[in-house]
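Okay, structure first, notes after.
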Amino acid sequence: MRINRVNICEEPRLASVTAGPGRPGLTVTLISLPLQAFGGLVWILILLTQVPVPLVQGWVLFVSVSCFIVTTLLLFLYIVGAHKNWNFWITLDTAYHCLAALFYFSASALETLVTIGLQDDIHKHYSENISAVVFSIIVTLLYMVHAVFSLIRCKVSYRNREHS
């Protein structure tokens with residue numbers, strides 16, 4: 001009887017499609033797809049809003065576009081198999097998602113403050129600002145969840161490295 005080992009450090013997989021033995025499969029993490037979808041929505045909604053403080057709108061747009069591009073790049077690298085250098089990938093993934101969670105948190109907080117300030121004014125873009133705030137908070141939470149799982153995976157990886 002053969003027992004298959006399960007690696008607890010392995011990324012959660014949405015799909016695994018292999019074209020045959022020895023050929024790399026298409027694997028996509030569960031959290032990256034909602035990050036891309038909601039991150040793109042934040043980007044679009046921020047472009048539609050007209051915030052009276054352009055510096056805040058600029059920061060939120062910079063964070064959303066930058067995180068969207070880097071997450072797309074990391075997802076592409078993961079699909080083409082660049083994650084084979086396991087220790088470097090874990091460190092890169094952990095550092096990026098912790099930094100992205102921090103940036104998105106600051107952007108969400110600033111956008112929330114500006115939207116609260118618009119509440120008293122009669123502003124035709126108020127509902128778009130609320131939508132942008134809601135989606136930026138969702139993206140912030142997704143980045144935080146991904147960062148926590150990355151930190152746990154990093155801790156387990158370093159612990160396994162010490163014992164081997």
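A note on labels: chains of the structure tokens are A, B, ... as shown, every chain counts residues from 1, and ligands are counted from 1 in their shown order.
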Considering only C-alpha atoms, return as a short mmCIF file (atom, residue, chain, number, x, y, z; two decimals) with C-alpha atoms, in the first residue's frame whatever protein or nucleic-acid residues lie within 7 Å of A:Ala100, sequence-local ones (same chain, fewer than 3 positions apart) excluded.
```
data_model
loop_
_atom_site.label_atom_id
_atom_site.label_comp_id
_atom_site.auth_asym_id
_atom_site.auth_seq_id
_atom_site.Cartn_x
_atom_site.Cartn_y
_atom_site.Cartn_z
CA CYS A 67 -1.06 45.97 -6.48
CA TYR A 96 4.66 41.31 -1.03
CA HIS A 97 1.31 40.40 0.50
CA PHE A 103 -0.79 49.82 1.54
CA TYR A 104 -4.38 48.82 0.84
CA TYR A 143 -4.64 40.73 1.16
#
```
Separation of atom CA of A:Val156 from atom CA of A:Ile138 in Å: 27.2 Å
Interatomic distance (Å, one decimal) between atom CA of A:Phe68 and atom CA of A:Leu48: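 Atom-to-atom, atom CA of A:Phe68 and atom CA of A:Leu48 are spaced 17.3 Å apart.
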Proximity to A:Ile46 - best of A:Leu99, A:Glu111, A:Leu151, A:Thr140, only C-alpha atoms: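 Nearest to A:Ile46: A:Glu111.
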Nearest to A:Leu141, chosen from A:Phe105, A:Tyr158, A:Phe88, A:Tyr126, with only C-alpha atoms counted in the distances: A:Phe105
Residues within 10 Å of A:Val148, only C-alpha atoms, excluding chain neighbours under 4 positions, as a list of chain:residue names: A:Thr94, A:His97, A:Cys98, A:Leu142, A:Tyr143, A:Met144, A:Ile152, A:Arg153, A:Cys154
Write out, as a short mmCIF file (atom, residue, chain, number, x, y, z; two decimals), in the first residue's frame, the residues just selected, with all heavy atoms.
```cif
data_model
loop_
_atom_site.label_atom_id
_atom_site.label_comp_id
_atom_site.auth_asym_id
_atom_site.auth_seq_id
_atom_site.Cartn_x
_atom_site.Cartn_y
_atom_site.Cartn_z
N THR A 94 5.34 36.27 0.88
CA THR A 94 5.03 36.80 2.21
C THR A 94 5.30 38.30 2.28
O THR A 94 4.45 39.07 2.74
CB THR A 94 5.86 36.07 3.28
OG1 THR A 94 5.59 34.67 3.19
CG2 THR A 94 5.53 36.55 4.66
N HIS A 97 2.69 40.33 0.03
CA HIS A 97 1.31 40.40 0.50
C HIS A 97 1.18 41.15 1.83
O HIS A 97 0.15 41.78 2.07
CB HIS A 97 0.70 39.00 0.55
CG HIS A 97 0.32 38.52 -0.81
ND1 HIS A 97 1.17 37.76 -1.57
CD2 HIS A 97 -0.78 38.73 -1.57
CE1 HIS A 97 0.60 37.51 -2.73
NE2 HIS A 97 -0.58 38.09 -2.77
N CYS A 98 2.20 41.11 2.66
CA CYS A 98 2.18 41.93 3.88
C CYS A 98 2.25 43.42 3.53
O CYS A 98 1.50 44.23 4.07
CB CYS A 98 3.32 41.55 4.81
SG CYS A 98 3.12 39.96 5.62
N LEU A 142 -8.79 40.56 1.90
CA LEU A 142 -8.22 39.44 1.14
C LEU A 142 -6.70 39.45 1.19
O LEU A 142 -6.07 38.40 1.34
CB LEU A 142 -8.71 39.49 -0.31
CG LEU A 142 -10.15 39.07 -0.55
CD1 LEU A 142 -10.57 39.36 -1.99
CD2 LEU A 142 -10.34 37.60 -0.23
N TYR A 143 -6.10 40.65 1.04
CA TYR A 143 -4.64 40.73 1.16
C TYR A 143 -4.18 40.34 2.56
O TYR A 143 -3.15 39.69 2.73
CB TYR A 143 -4.13 42.13 0.81
CG TYR A 143 -3.85 42.31 -0.66
CD1 TYR A 143 -4.58 43.21 -1.42
CD2 TYR A 143 -2.83 41.62 -1.30
CE1 TYR A 143 -4.33 43.39 -2.77
CE2 TYR A 143 -2.57 41.79 -2.65
CZ TYR A 143 -3.33 42.68 -3.38
OH TYR A 143 -3.06 42.85 -4.71
N MET A 144 -4.92 40.74 3.58
CA MET A 144 -4.56 40.37 4.95
C MET A 144 -4.66 38.87 5.17
O MET A 144 -3.78 38.27 5.80
CB MET A 144 -5.43 41.12 5.95
CG MET A 144 -5.09 42.57 6.09
SD MET A 144 -6.15 43.36 7.30
CE MET A 144 -5.47 45.01 7.30
N ILE A 152 2.19 32.02 7.89
CA ILE A 152 2.13 30.67 8.46
C ILE A 152 2.96 29.71 7.62
O ILE A 152 3.74 28.91 8.14
CB ILE A 152 0.66 30.19 8.56
CG1 ILE A 152 -0.08 31.00 9.62
CG2 ILE A 152 0.60 28.69 8.87
CD1 ILE A 152 -1.58 30.78 9.63
N ARG A 153 2.82 29.79 6.30
CA ARG A 153 3.60 28.93 5.41
C ARG A 153 5.09 29.22 5.54
O ARG A 153 5.91 28.30 5.53
CB ARG A 153 3.13 29.13 3.97
CG ARG A 153 3.70 28.12 3.02
CD ARG A 153 3.16 28.26 1.62
NE ARG A 153 3.47 29.58 1.10
CZ ARG A 153 2.58 30.38 0.53
NH1 ARG A 153 1.34 30.01 0.41
NH2 ARG A 153 2.94 31.55 0.07
N CYS A 154 5.45 30.47 5.71
CA CYS A 154 6.85 30.85 5.88
C CYS A 154 7.40 30.28 7.19
O CYS A 154 8.51 29.75 7.22
CB CYS A 154 6.97 32.37 5.86
SG CYS A 154 8.64 32.99 5.75
#
```
For A:Ser32, the nearest of the candidates A:Val65, A:Leu110, A:Ile79, A:Leu102, counting only C-alpha atoms: A:Ile79
Pick from A:Thr115, A:Ala109, A:Tyr78, A:His146, whichever lies nearest to A:Pro34 using only C-alpha atoms: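 Of all the options, A:His146 lies closest to A:Pro34.
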